[in-house]
file upload_8.txt (compact mmCIF, C-alpha atoms and all ligand atoms)
# COMPACT_ATOMS: atom_id res chain seq x y z
CA MET A 1 10.57 12.55 -49.97
CA ASN A 2 7.92 14.96 -48.77
CA THR A 3 4.52 16.44 -49.68
CA THR A 4 3.26 19.85 -48.61
CA VAL A 5 -0.24 21.39 -48.61
CA THR A 6 -1.16 24.96 -47.66
CA CYS A 7 -4.69 26.14 -47.12
CA ILE A 8 -6.69 29.11 -45.77
CA ALA A 9 -10.06 28.72 -43.99
CA PRO A 10 -12.76 31.15 -42.88
CA VAL A 11 -14.22 32.32 -39.58
CA ASN A 12 -17.95 31.68 -39.09
CA ILE A 13 -20.41 33.58 -36.89
CA ALA A 14 -23.47 31.69 -35.65
CA VAL A 15 -26.96 33.15 -35.95
CA ILE A 16 -28.46 30.13 -34.15
CA LYS A 17 -25.96 29.35 -31.41
CA TYR A 18 -24.36 26.06 -30.46
CA TRP A 19 -24.16 25.88 -26.67
CA GLY A 20 -24.15 22.53 -24.87
CA LYS A 21 -22.74 19.07 -25.58
CA ARG A 22 -24.39 15.67 -25.19
CA ASP A 23 -20.96 14.04 -25.47
CA ASP A 24 -17.93 16.05 -24.37
CA SER A 25 -15.19 13.91 -25.89
CA LEU A 26 -16.85 13.36 -29.29
CA ILE A 27 -18.07 16.99 -29.30
CA LEU A 28 -21.73 16.21 -30.02
CA PRO A 29 -24.11 19.16 -29.52
CA THR A 30 -27.51 19.35 -27.84
CA ASN A 31 -29.04 21.40 -30.68
CA ASP A 32 -28.64 22.26 -34.36
CA SER A 33 -26.87 25.54 -35.12
CA ILE A 34 -26.65 27.84 -38.16
CA SER A 35 -23.90 30.26 -39.17
CA ALA A 36 -22.61 32.47 -41.94
CA THR A 37 -19.10 31.93 -43.27
CA LEU A 38 -17.13 35.19 -43.49
CA ASP A 39 -14.96 36.12 -46.47
CA THR A 40 -11.37 34.85 -46.16
CA ALA A 41 -10.19 38.08 -47.86
CA GLN A 42 -10.62 39.81 -44.48
CA LEU A 43 -10.30 37.07 -41.84
CA HIS A 44 -8.71 33.65 -42.15
CA ALA A 45 -6.51 31.00 -40.60
CA LYS A 46 -3.65 29.71 -42.75
CA THR A 47 -2.12 26.27 -42.30
CA THR A 48 0.71 24.35 -43.95
CA VAL A 49 1.00 20.60 -43.39
CA MET A 50 3.94 18.50 -44.54
CA ILE A 51 4.48 14.75 -44.46
CA SER A 52 7.95 13.24 -44.80
CA SER A 53 9.78 9.97 -44.32
CA ASP A 54 12.56 12.05 -42.67
CA PHE A 55 10.49 13.43 -39.78
CA LYS A 56 11.09 11.72 -36.43
CA GLU A 57 7.92 12.98 -34.72
CA ASP A 58 4.69 14.94 -35.32
CA ARG A 59 5.11 18.66 -34.49
CA ILE A 60 2.91 21.77 -34.52
CA TRP A 61 3.51 25.56 -34.43
CA LEU A 62 0.63 27.96 -33.77
CA ASN A 63 1.03 31.70 -34.36
CA GLY A 64 4.81 31.41 -34.15
CA LYS A 65 5.03 29.20 -31.06
CA GLU A 66 5.56 25.43 -30.85
CA GLU A 67 2.59 23.78 -29.10
CA ASP A 68 2.04 20.35 -27.56
CA ILE A 69 1.06 17.90 -30.31
CA LYS A 70 -0.41 15.63 -27.60
CA ASN A 71 -3.34 18.08 -27.09
CA THR A 72 -6.47 15.85 -26.97
CA ARG A 73 -8.48 17.76 -29.57
CA LEU A 74 -5.56 17.82 -31.99
CA GLN A 75 -5.05 14.09 -31.47
CA ASN A 76 -8.77 13.46 -32.12
CA CYS A 77 -8.42 15.21 -35.48
CA LEU A 78 -5.19 13.42 -36.43
CA LYS A 79 -6.56 9.98 -35.49
CA GLU A 80 -9.70 10.54 -37.53
CA ILE A 81 -7.62 11.72 -40.53
CA ARG A 82 -5.23 8.74 -40.42
CA LYS A 83 -8.19 6.38 -40.09
CA ARG A 84 -9.80 7.74 -43.26
CA SER A 85 -6.55 8.24 -45.17
CA GLN A 86 -6.24 6.92 -48.74
CA LEU A 87 -2.44 6.89 -48.56
CA SER A 88 -0.63 3.60 -48.83
CA GLY A 89 0.18 1.83 -45.56
CA TYR A 90 3.77 2.86 -45.05
CA THR A 91 3.29 6.50 -46.15
CA ASN A 92 0.37 6.76 -43.75
CA ASP A 93 2.77 6.06 -40.88
CA TRP A 94 5.10 8.93 -41.77
CA LYS A 95 5.25 11.86 -39.32
CA ILE A 96 3.88 15.31 -40.07
CA CYS A 97 4.73 18.94 -39.33
CA ILE A 98 1.97 21.54 -39.01
CA CYS A 99 2.30 25.32 -38.96
CA SER A 100 -0.71 27.58 -38.58
CA LYS A 101 -1.39 31.28 -38.09
CA ASN A 102 -4.28 33.73 -38.24
CA ASN A 103 -4.26 36.92 -40.33
CA PHE A 104 -6.01 38.73 -37.46
CA PRO A 105 -4.50 39.38 -34.02
CA THR A 106 -5.47 36.82 -31.35
CA ALA A 107 -5.69 39.84 -29.04
CA ALA A 108 -8.71 41.03 -31.07
CA GLY A 109 -10.66 38.38 -29.16
CA LEU A 110 -12.16 36.85 -32.29
CA ALA A 111 -12.96 33.15 -32.12
CA SER A 112 -10.06 31.56 -33.93
CA SER A 113 -10.44 27.87 -33.07
CA ALA A 114 -13.19 27.38 -35.68
CA ALA A 115 -11.08 28.75 -38.54
CA GLY A 116 -7.98 26.98 -37.17
CA TYR A 117 -9.45 23.48 -36.95
CA ALA A 118 -11.33 23.87 -40.26
CA CYS A 119 -8.05 24.87 -41.91
CA LEU A 120 -6.09 22.03 -40.35
CA THR A 121 -8.77 19.54 -41.42
CA ALA A 122 -8.97 20.84 -45.00
CA ALA A 123 -5.17 20.81 -45.36
CA LEU A 124 -4.80 17.30 -43.92
CA ALA A 125 -7.76 16.00 -45.96
CA LYS A 126 -5.95 16.98 -49.16
CA LEU A 127 -2.62 15.62 -47.96
CA TYR A 128 -4.18 12.25 -47.01
CA LYS A 129 -6.47 12.20 -50.09
CA ILE A 130 -9.65 11.95 -48.01
CA GLU A 131 -12.95 11.96 -49.86
CA GLY A 132 -16.47 12.90 -48.76
CA ASP A 133 -17.59 14.89 -45.72
CA ILE A 134 -14.79 16.45 -43.66
CA SER A 135 -17.00 18.47 -41.29
CA ILE A 136 -17.06 15.53 -38.85
CA ILE A 137 -13.26 15.62 -38.66
CA ALA A 138 -13.23 19.40 -38.04
CA ARG A 139 -15.92 18.91 -35.37
CA SER A 140 -13.65 16.58 -33.43
CA GLY A 141 -11.24 19.53 -32.97
CA SER A 142 -13.79 22.22 -32.06
CA GLY A 143 -17.56 22.01 -32.51
CA SER A 144 -18.06 25.28 -34.36
CA ALA A 145 -15.18 24.40 -36.74
CA CYS A 146 -17.43 21.97 -38.62
CA ARG A 147 -19.35 24.99 -39.98
CA SER A 148 -16.16 26.61 -41.36
CA VAL A 149 -15.39 23.85 -43.90
CA MET A 150 -18.10 25.28 -46.19
CA GLY A 151 -19.02 28.71 -47.52
CA GLY A 152 -22.29 30.65 -47.48
CA PHE A 153 -24.84 29.80 -44.81
CA VAL A 154 -24.25 26.49 -43.06
CA ARG A 155 -26.30 24.28 -40.73
CA TRP A 156 -24.72 21.87 -38.27
CA TYR A 157 -27.18 19.02 -37.69
CA MET A 158 -26.87 17.72 -34.15
CA GLY A 159 -27.61 14.15 -35.29
CA SER A 160 -28.79 11.30 -33.09
CA ASP A 161 -26.16 8.57 -33.47
CA LYS A 162 -24.20 8.11 -30.25
CA ASN A 163 -20.94 7.83 -32.20
CA GLY A 164 -21.58 11.13 -33.96
CA THR A 165 -21.63 9.76 -37.53
CA ASP A 166 -24.62 11.99 -38.39
CA SER A 167 -23.50 15.12 -36.49
CA LEU A 168 -22.25 17.06 -39.50
CA ALA A 169 -22.51 20.37 -41.33
CA LYS A 170 -24.32 21.01 -44.61
CA GLN A 171 -24.48 24.13 -46.74
CA ILE A 172 -27.91 25.81 -46.79
CA VAL A 173 -27.03 28.22 -49.62
CA PRO A 174 -23.71 29.37 -51.16
CA ALA A 175 -22.35 32.89 -50.55
CA SER A 176 -23.69 34.08 -53.93
CA HIS A 177 -27.31 33.41 -52.85
CA TRP A 178 -27.44 36.47 -50.56
CA SER A 179 -24.68 38.61 -52.04
CA GLU A 180 -26.06 41.85 -50.49
CA MET A 181 -25.47 40.56 -46.96
CA ARG A 182 -22.71 42.38 -45.06
CA ILE A 183 -21.06 41.96 -41.67
CA LEU A 184 -19.50 44.49 -39.31
CA VAL A 185 -17.38 43.02 -36.53
CA LEU A 186 -17.01 45.53 -33.69
CA VAL A 187 -14.04 44.63 -31.51
CA VAL A 188 -14.84 45.84 -28.00
CA SER A 189 -12.02 46.72 -25.59
CA ASP A 190 -12.05 44.36 -22.66
CA GLU A 191 -9.75 43.09 -19.92
CA GLN A 192 -12.17 40.76 -18.19
CA LYS A 193 -11.06 37.10 -17.87
CA LYS A 194 -13.55 34.89 -19.72
CA VAL A 195 -14.75 31.36 -18.96
CA PRO A 196 -13.69 29.29 -22.05
CA SER A 197 -16.68 28.09 -24.16
CA ALA A 198 -16.08 24.40 -23.44
CA ILE A 199 -16.14 24.98 -19.68
CA GLY A 200 -19.03 27.45 -19.85
CA MET A 201 -21.26 25.13 -21.87
CA LYS A 202 -20.53 22.19 -19.57
CA ARG A 203 -21.54 24.32 -16.60
CA SER A 204 -24.73 25.41 -18.44
CA ILE A 205 -25.67 21.78 -19.16
CA GLU A 206 -25.20 20.93 -15.49
CA THR A 207 -27.06 23.91 -13.99
CA SER A 208 -29.30 25.86 -16.42
CA GLN A 209 -32.99 24.98 -16.64
CA LEU A 210 -33.36 27.64 -19.31
CA LEU A 211 -30.88 25.73 -21.51
CA GLN A 212 -33.08 22.60 -21.25
CA HIS A 213 -36.08 24.68 -22.33
CA ARG A 214 -34.06 26.17 -25.20
CA ILE A 215 -32.92 22.74 -26.43
CA MET A 216 -36.36 21.12 -26.22
CA HIS A 217 -38.76 23.91 -27.13
CA VAL A 218 -36.98 26.80 -28.84
CA VAL A 219 -34.15 25.84 -31.19
CA PRO A 220 -35.86 23.05 -33.18
CA GLU A 221 -38.51 25.45 -34.50
CA ARG A 222 -36.27 28.51 -34.61
CA ALA A 223 -33.56 26.77 -36.67
CA ASN A 224 -36.13 25.82 -39.33
CA LYS A 225 -37.50 29.38 -39.42
CA MET A 226 -33.97 30.72 -39.74
CA GLN A 227 -33.21 28.37 -42.63
CA GLN A 228 -36.40 29.53 -44.37
CA ALA A 229 -35.54 33.22 -43.83
CA ILE A 230 -32.11 32.59 -45.41
CA VAL A 231 -33.53 30.70 -48.39
CA GLU A 232 -36.17 33.42 -48.94
CA LYS A 233 -33.68 36.27 -48.28
CA ASP A 234 -36.13 37.65 -45.73
CA PHE A 235 -33.90 40.11 -43.84
CA LYS A 236 -36.47 41.18 -41.25
CA ASN A 237 -37.09 37.62 -40.04
CA PHE A 238 -33.42 36.72 -40.33
CA ALA A 239 -32.46 39.73 -38.19
CA GLU A 240 -35.12 39.21 -35.51
CA LEU A 241 -34.30 35.51 -35.13
CA THR A 242 -30.57 36.31 -34.96
CA MET A 243 -31.01 38.88 -32.16
CA LYS A 244 -33.45 36.71 -30.19
CA ASP A 245 -31.13 33.73 -30.39
CA SER A 246 -28.11 35.75 -29.24
CA ASN A 247 -30.17 37.14 -26.36
CA GLN A 248 -31.36 33.70 -25.30
CA PHE A 249 -27.85 32.30 -25.44
CA HIS A 250 -26.64 35.07 -23.09
CA ALA A 251 -29.69 34.57 -20.86
CA VAL A 252 -28.67 30.89 -20.59
CA CYS A 253 -25.16 32.02 -19.63
CA LEU A 254 -26.63 34.15 -16.83
CA ASP A 255 -28.91 31.28 -15.81
CA THR A 256 -25.79 29.11 -15.47
CA TYR A 257 -24.50 28.74 -11.92
CA PRO A 258 -22.06 30.33 -11.23
CA PRO A 259 -23.01 32.58 -14.20
CA CYS A 260 -20.83 33.18 -17.26
CA ILE A 261 -20.91 36.85 -18.21
CA TYR A 262 -19.55 37.50 -21.67
CA MET A 263 -21.11 40.82 -22.72
CA ASN A 264 -19.95 44.05 -21.06
CA ASN A 265 -21.41 47.53 -20.73
CA ILE A 266 -20.30 48.54 -24.24
CA SER A 267 -21.70 45.30 -25.75
CA ASN A 268 -25.04 46.02 -24.06
CA ASN A 269 -25.09 49.57 -25.34
CA ILE A 270 -24.31 48.55 -28.92
CA MET A 271 -27.35 46.28 -28.59
CA ASN A 272 -29.43 49.24 -27.32
CA LEU A 273 -28.20 51.44 -30.17
CA VAL A 274 -29.22 48.82 -32.76
CA HIS A 275 -32.74 48.70 -31.31
CA SER A 276 -32.94 52.54 -31.16
CA TYR A 277 -31.85 52.74 -34.80
CA ASN A 278 -34.32 50.10 -35.99
CA ASP A 279 -37.08 51.95 -34.07
CA ALA A 280 -36.06 55.34 -35.48
CA VAL A 281 -36.18 54.13 -39.08
CA ASN A 282 -39.28 52.06 -38.36
CA ASP A 283 -37.81 48.94 -39.92
CA VAL A 284 -35.38 46.15 -39.02
CA LYS A 285 -32.16 47.18 -40.75
CA VAL A 286 -29.47 45.80 -38.43
CA ALA A 287 -29.08 42.66 -36.30
CA TYR A 288 -26.50 42.03 -33.59
CA THR A 289 -25.10 38.78 -32.29
CA TYR A 290 -22.52 38.05 -29.55
CA ASP A 291 -20.47 34.88 -28.95
CA ALA A 292 -18.62 34.00 -25.74
CA GLY A 293 -17.04 37.47 -25.48
CA PRO A 294 -17.91 41.18 -25.65
CA ASN A 295 -17.43 41.73 -29.42
CA ALA A 296 -20.53 42.58 -31.45
CA THR A 297 -21.12 41.15 -34.90
CA LEU A 298 -23.68 43.12 -36.90
CA TYR A 299 -25.53 41.67 -39.89
CA LEU A 300 -26.96 44.22 -42.34
CA LEU A 301 -27.53 44.77 -46.06
CA GLU A 302 -24.93 46.54 -48.21
CA LYS A 303 -27.18 49.57 -48.90
CA ASP A 304 -27.44 50.35 -45.17
CA VAL A 305 -23.73 50.10 -44.32
CA PRO A 306 -22.68 53.78 -44.90
CA ALA A 307 -25.44 55.12 -42.61
CA VAL A 308 -24.83 52.53 -39.89
CA ILE A 309 -21.06 53.16 -39.84
CA GLY A 310 -21.85 56.90 -39.59
CA ILE A 311 -23.96 56.27 -36.51
CA LEU A 312 -21.43 53.94 -34.88
CA ASP A 313 -18.61 56.46 -35.46
CA HIS A 314 -20.78 59.20 -33.95
CA PHE A 315 -21.72 57.37 -30.73
CA PHE A 316 -18.62 55.15 -30.34
CA PRO A 317 -15.86 57.32 -31.85
CA PRO A 318 -12.37 55.84 -32.31
CA PHE A 319 -9.31 57.52 -30.75
CA GLU A 320 -8.26 60.42 -32.98
CA ASN A 321 -4.86 58.84 -33.67
CA ALA A 322 -6.16 55.24 -33.96
CA ILE A 323 -4.14 53.26 -36.50
CA GLU A 324 -6.00 50.89 -38.80
CA TYR A 325 -9.27 51.39 -36.89
CA ARG A 326 -11.46 50.50 -39.84
CA ARG A 327 -10.44 47.37 -41.75
CA GLY A 328 -11.79 45.27 -44.58
CA LEU A 329 -13.96 46.36 -47.51
CA PRO A 330 -13.76 50.02 -48.56
CA VAL A 331 -16.76 52.21 -47.67
CA GLU A 332 -17.64 55.92 -47.34
CA GLU A 333 -19.70 56.54 -44.24
CA ILE A 334 -22.70 58.90 -44.22
CA LYS A 335 -22.87 61.28 -41.24
CA PRO A 336 -26.22 61.01 -39.42
CA SER A 337 -28.66 63.95 -39.76
CA GLN A 338 -29.59 66.10 -36.73
CA ASP A 339 -33.12 64.79 -37.04
CA LEU A 340 -31.98 61.14 -36.78
CA LEU A 341 -29.63 61.91 -33.87
CA GLU A 342 -32.54 63.44 -31.94
CA LYS A 343 -34.75 60.44 -32.66
CA LEU A 344 -32.08 58.03 -31.41
CA LYS A 345 -31.91 59.64 -27.93
CA PHE A 346 -28.57 57.95 -27.25
CA GLN A 347 -25.59 58.92 -25.11
CA LYS A 348 -22.30 59.55 -26.93
CA TYR A 349 -19.31 57.59 -25.56
CA PRO A 350 -15.78 58.94 -25.05
CA PRO A 351 -13.33 57.81 -27.80
CA GLY A 352 -11.68 54.38 -27.81
CA GLN A 353 -14.45 52.07 -26.56
CA LEU A 354 -14.12 50.07 -29.79
CA LYS A 355 -10.66 48.75 -30.74
CA CYS A 356 -11.48 48.28 -34.40
CA MET A 357 -14.25 47.71 -36.93
CA ILE A 358 -13.93 44.99 -39.59
CA TYR A 359 -16.20 45.32 -42.61
CA THR A 360 -16.69 42.06 -44.52
CA LYS A 361 -19.19 39.91 -46.41
CA ILE A 362 -20.24 36.28 -46.71
CA GLY A 363 -17.59 34.12 -48.34
CA ASP A 364 -16.62 30.66 -49.56
CA GLY A 365 -15.11 27.72 -47.73
CA PRO A 366 -11.40 26.78 -47.42
CA LYS A 367 -9.07 27.50 -50.36
CA TYR A 368 -5.82 25.73 -51.29
CA LEU A 369 -2.78 27.89 -52.08
CA ASN A 370 -0.62 26.23 -54.69
CA ASN A 371 2.21 28.75 -54.87
CA PRO A 372 5.18 27.35 -52.86
CA GLN A 373 5.83 30.94 -51.65
CA ASP A 374 2.66 30.67 -49.55
CA HIS A 375 3.96 27.73 -47.50
CA LEU A 376 4.57 28.36 -43.79
CA LEU A 377 7.15 25.51 -43.57
CA ASP A 378 10.48 25.20 -45.40
CA GLY A 379 11.71 22.03 -47.15
CA GLN A 380 12.91 20.59 -43.83
CA GLY A 381 9.61 21.18 -42.04
CA ASN A 382 10.79 24.22 -40.06
CA PRO A 383 8.51 27.26 -39.71
CA ILE A 384 9.40 30.14 -42.02
CA ASN A 385 9.93 33.40 -40.01
C1 LIG A 401 -20.71 30.79 -28.46
O1 LIG A 401 -16.94 25.63 -30.91
O2 LIG A 401 -15.58 27.11 -29.38
O3 LIG A 401 -19.34 30.61 -30.38
O4 LIG A 401 -16.83 22.70 -29.29
O5 LIG A 401 -15.88 23.22 -27.06
O6 LIG A 401 -14.62 23.86 -29.13
P1 LIG A 401 -15.98 23.64 -28.50
O7 LIG A 401 -16.71 25.06 -28.47
P2 LIG A 401 -16.75 26.21 -29.57
O8 LIG A 401 -18.08 26.97 -29.10
C2 LIG A 401 -18.62 28.04 -29.81
C3 LIG A 401 -19.75 28.62 -29.06
C4 LIG A 401 -20.30 29.91 -29.62
C5 LIG A 401 -21.55 29.65 -30.47
C6 LIG A 401 -21.38 29.13 -31.87
O9 LIG A 401 -20.36 29.40 -32.53
O10 LIG A 401 -22.32 28.46 -32.34
call {"tool": "encode", "arguments": {"input": "upload_8.txt", "output": "structure tokens", "more": "lines below"}}
Ligand code: DP6
result
Amino acid sequence: MNTTVTCIAPVNIAVIKYWGKRDDSLILPTNDSISATLDTAQLHAKTTVMISSDFKEDRIWLNGKEEDIKNTRLQNCLKEIRKRSQLSGYTNDWKICICSKNNFPTAAGLASSAAGYACLTAALAKLYKIEGDISIIARSGSGSACRSVMGGFVRWYMGSDKNGTDSLAKQIVPASHWSEMRILVLVVSDEQKKVPSAIGMKRSIETSQLLQHRIMHVVPERANKMQQAIVEKDFKNFAELTMKDSNQFHAVCLDTYPPCIYMNNISNNIMNLVHSYNDAVNDVKVAYTYDAGPNATLYLLEKDVPAVIGILDHFFPPFENAIEYRRGLPVEEIKPSQDLLEKLKFQKYPPGQLKCMIYTKIGDGPKYLNNPQDHLLDGQGNPIN
């Protein structure tokens, strides 16, 4: 006898960043964070979980490769799930097989652990008939994953309990609340070896005085202002807070010793272009944010997308023969006028500095796929293709 569940879960991009843990093994953060959940139509992780009396051991395949099930974070998730399971005693002891993959290339450098752990948690929660909050379970796999178990705009409350029972995510508003909001993910070419987030944030906690200032005196007030800007759909405030928070996060990374440098020359110049554009149109139309890597995520309203893509394509042109450069929602760009180009006073880059551009919007949380054709495991628990 066996039971199978397949699920897809979204990527989220923080506008108030999580950086720093007060407990490394429980993954408890040193500040609240806020993110937007991106539409699974463009970017998602997909996971199939299967429980069976026939399986001899737990097993997991990630993006086509079998991985070590003993991985600590994975074990944290599984233990938490089995503890809260509503299955009867003997079924609860059955072994499971897990198969997961992303619909975007890992090489694109997009954070995939958040979508991955949110997906695993949502799939297992259904399999084990778990009720109530599941963000705590996702958090035990990867901190930012707790924000991907819900759609719209989400706040992860740091909590104060030392066991982490109140460190969970809550939805601020659903995706429909700010339906005009759009996102452009600019994948920046990069070969530089990056310090993984978990190691970088540990180093920041140990060495950065700026991080202590951020935790104590900046984020508490800024997170509340951000929440208000989202509720009121106040784009100008939302955008300014987003950019300032990204900048402070990267300043903390530079204040870390030895420093963690995530943004590169192209990332910095996308940031400069956004400021030049906002200045030229005398308004705040676009916001950038960067995670622990060089890719830029731009937040903007639907009406401004054609003009902004026109400007990006002008200054950061793709290779002429680039395949699938622009992905996601359909859009016709508007070429910038000569007048605007003169106002921007910006240097044009040679082609190919950006690998691709993904155009998407805010979306919902994890979705269950009930068609057996969507399963990633066959009846015996082996990965399909
Ligand atoms: C810069 O969630 O990947 O993206 O909890 O150690 O798994 P772990 O870290 P992770 O860190 C994400 C950091 C960030 C900011 C954010 O998403 O809030």
call {"tool": "residues_near_ligand", "arguments": {"input": "upload_8.txt", "ligand": "ligand LIG 401 (chain A)", "cutoff": "9 Å", "atoms": "only C-alpha atoms and all ligand atoms", "output": "number ranges by chain"}}
result
A: 12-21, 24, 27-29, 33-35, 73, 111-114, 139-147, 196-202, 246, 249, 290-293
call {"tool": "residues_around", "arguments": {"input": "upload_8.txt", "residues": "range 368-385 of chain A", "least_positions_apart": "6", "cutoff": "7 Å", "atoms": "all atoms listed in the file", "output": "ChimeraX atom specification"}}
result
/A:6-8,48,50,97,99
call {"tool": "closest_residue", "arguments": {"input": "upload_8.txt", "among": "A:Glu332, A:Gln228, A:Asn272, A:Ser189", "to": "Pro318 in chain A", "atoms": "only C-alpha atoms"}}
result
A:Ser189
call {"tool": "closest_atom_pairs", "arguments": {"input": "upload_8.txt", "of": "range 181-281 of chain A", "to": "range 158-177 of chain A", "cutoff": "9 Å", "atoms": "all atoms listed in the file", "output": "Markdown table"}}
result
| residue | atom | partner | partner_atom | distance |
| --- | --- | --- | --- | --- |
| A:Gln227 | CA | A:Ile172 | CA | 7.2 |
| A:Ile230 | CA | A:Val173 | CA | 7.9 |
| A:Val231 | CA | A:Val173 | CA | 7.1 |
| A:Lys233 | CA | A:His177 | CA | 8.3 |
call {"tool": "write_last_selection", "arguments": {"input": "upload_8.txt", "atoms": "C-alpha atoms", "output": "JSON list (two decimals), in the frame of the given file"}}
result
[["chain", "number", "residue", "atom", "x", "y", "z"],
["A", 227, "GLN", "CA", -33.21, 28.37, -42.63],
["A", 230, "ILE", "CA", -32.11, 32.59, -45.41],
["A", 231, "VAL", "CA", -33.53, 30.70, -48.39],
["A", 233, "LYS", "CA", -33.68, 36.27, -48.28]]
call {"tool": "atom_distance", "arguments": {"input": "upload_8.txt", "atom1": "CA of Gln353 in chain A", "atom2": "CA of Ser267 in chain A"}}
result
10.0 Å
call {"tool": "atom_distance", "arguments": {"input": "upload_8.txt", "atom1": "CA of Val49 in chain A", "atom2": "CA of Gly89 in chain A"}}
result
18.9 Å
call {"tool": "atom_distance", "arguments": {"input": "upload_8.txt", "atom1": "CA of Gly152 in chain A", "atom2": "CA of Thr40 in chain A"}}
result
11.8 Å
call {"tool": "closest_residue", "arguments": {"input": "upload_8.txt", "among": "A:Pro366, A:Lys194, A:Ala287, A:Leu184", "to": "Ile309 in chain A", "atoms": "all atoms listed in the file"}}
result
A:Leu184
call {"tool": "residues_around", "arguments": {"input": "upload_8.txt", "residues": "Arg84 in chain A", "least_positions_apart": "5", "cutoff": "9 Å", "atoms": "all atoms listed in the file", "output": "PyMOL selection string"}}
result
chain A and resi 79+125+128-131
call {"tool": "write_last_selection", "arguments": {"input": "upload_8.txt", "atoms": "C-alpha atoms", "output": "PDB file, in the frame of the given file"}}
result
ATOM      1  CA  LYS A  79      -6.560   9.980 -35.490  1.00  0.00           C
ATOM      2  CA  ALA A 125      -7.760  16.000 -45.960  1.00  0.00           C
ATOM      3  CA  TYR A 128      -4.180  12.250 -47.010  1.00  0.00           C
ATOM      4  CA  LYS A 129      -6.470  12.200 -50.090  1.00  0.00           C
ATOM      5  CA  ILE A 130      -9.650  11.950 -48.010  1.00  0.00           C
ATOM      6  CA  GLU A 131     -12.950  11.960 -49.860  1.00  0.00           C
TER       7      GLU A 131
END
call {"tool": "closest_residue", "arguments": {"input": "upload_8.txt", "among": "A:Met226, A:Ala9, A:Met150, A:Leu124", "to": "Asn102 in chain A", "atoms": "only C-alpha atoms"}}
result
A:Ala9
call {"tool": "closest_residue", "arguments": {"input": "upload_8.txt", "among": "A:Thr360, A:Thr30, A:Asn71, A:Ser25", "to": "Leu300 in chain A", "atoms": "only C-alpha atoms"}}
result
A:Thr360
call {"tool": "closest_residue", "arguments": {"input": "upload_8.txt", "among": "A:Val274, A:Ile205, A:Val185, A:Ala280", "to": "Val308 in chain A", "atoms": "all atoms listed in the file"}}
result
A:Val274
call {"tool": "closest_residue", "arguments": {"input": "upload_8.txt", "among": "A:Ala41, A:Lys367, A:Val219, A:Glu180", "to": "Lys244 in chain A", "atoms": "all atoms listed in the file"}}
result
A:Val219
call {"tool": "axis_aligned_box", "arguments": {"input": "upload_8.txt", "around": "range 119-130 of chain A", "padding_each_side": "6 Å", "output": "JSON"}}
result
{"center_x": -6.1, "center_y": 18.4, "center_z": -45.2, "size_x": 19.0, "size_y": 24.9, "size_z": 21.7}
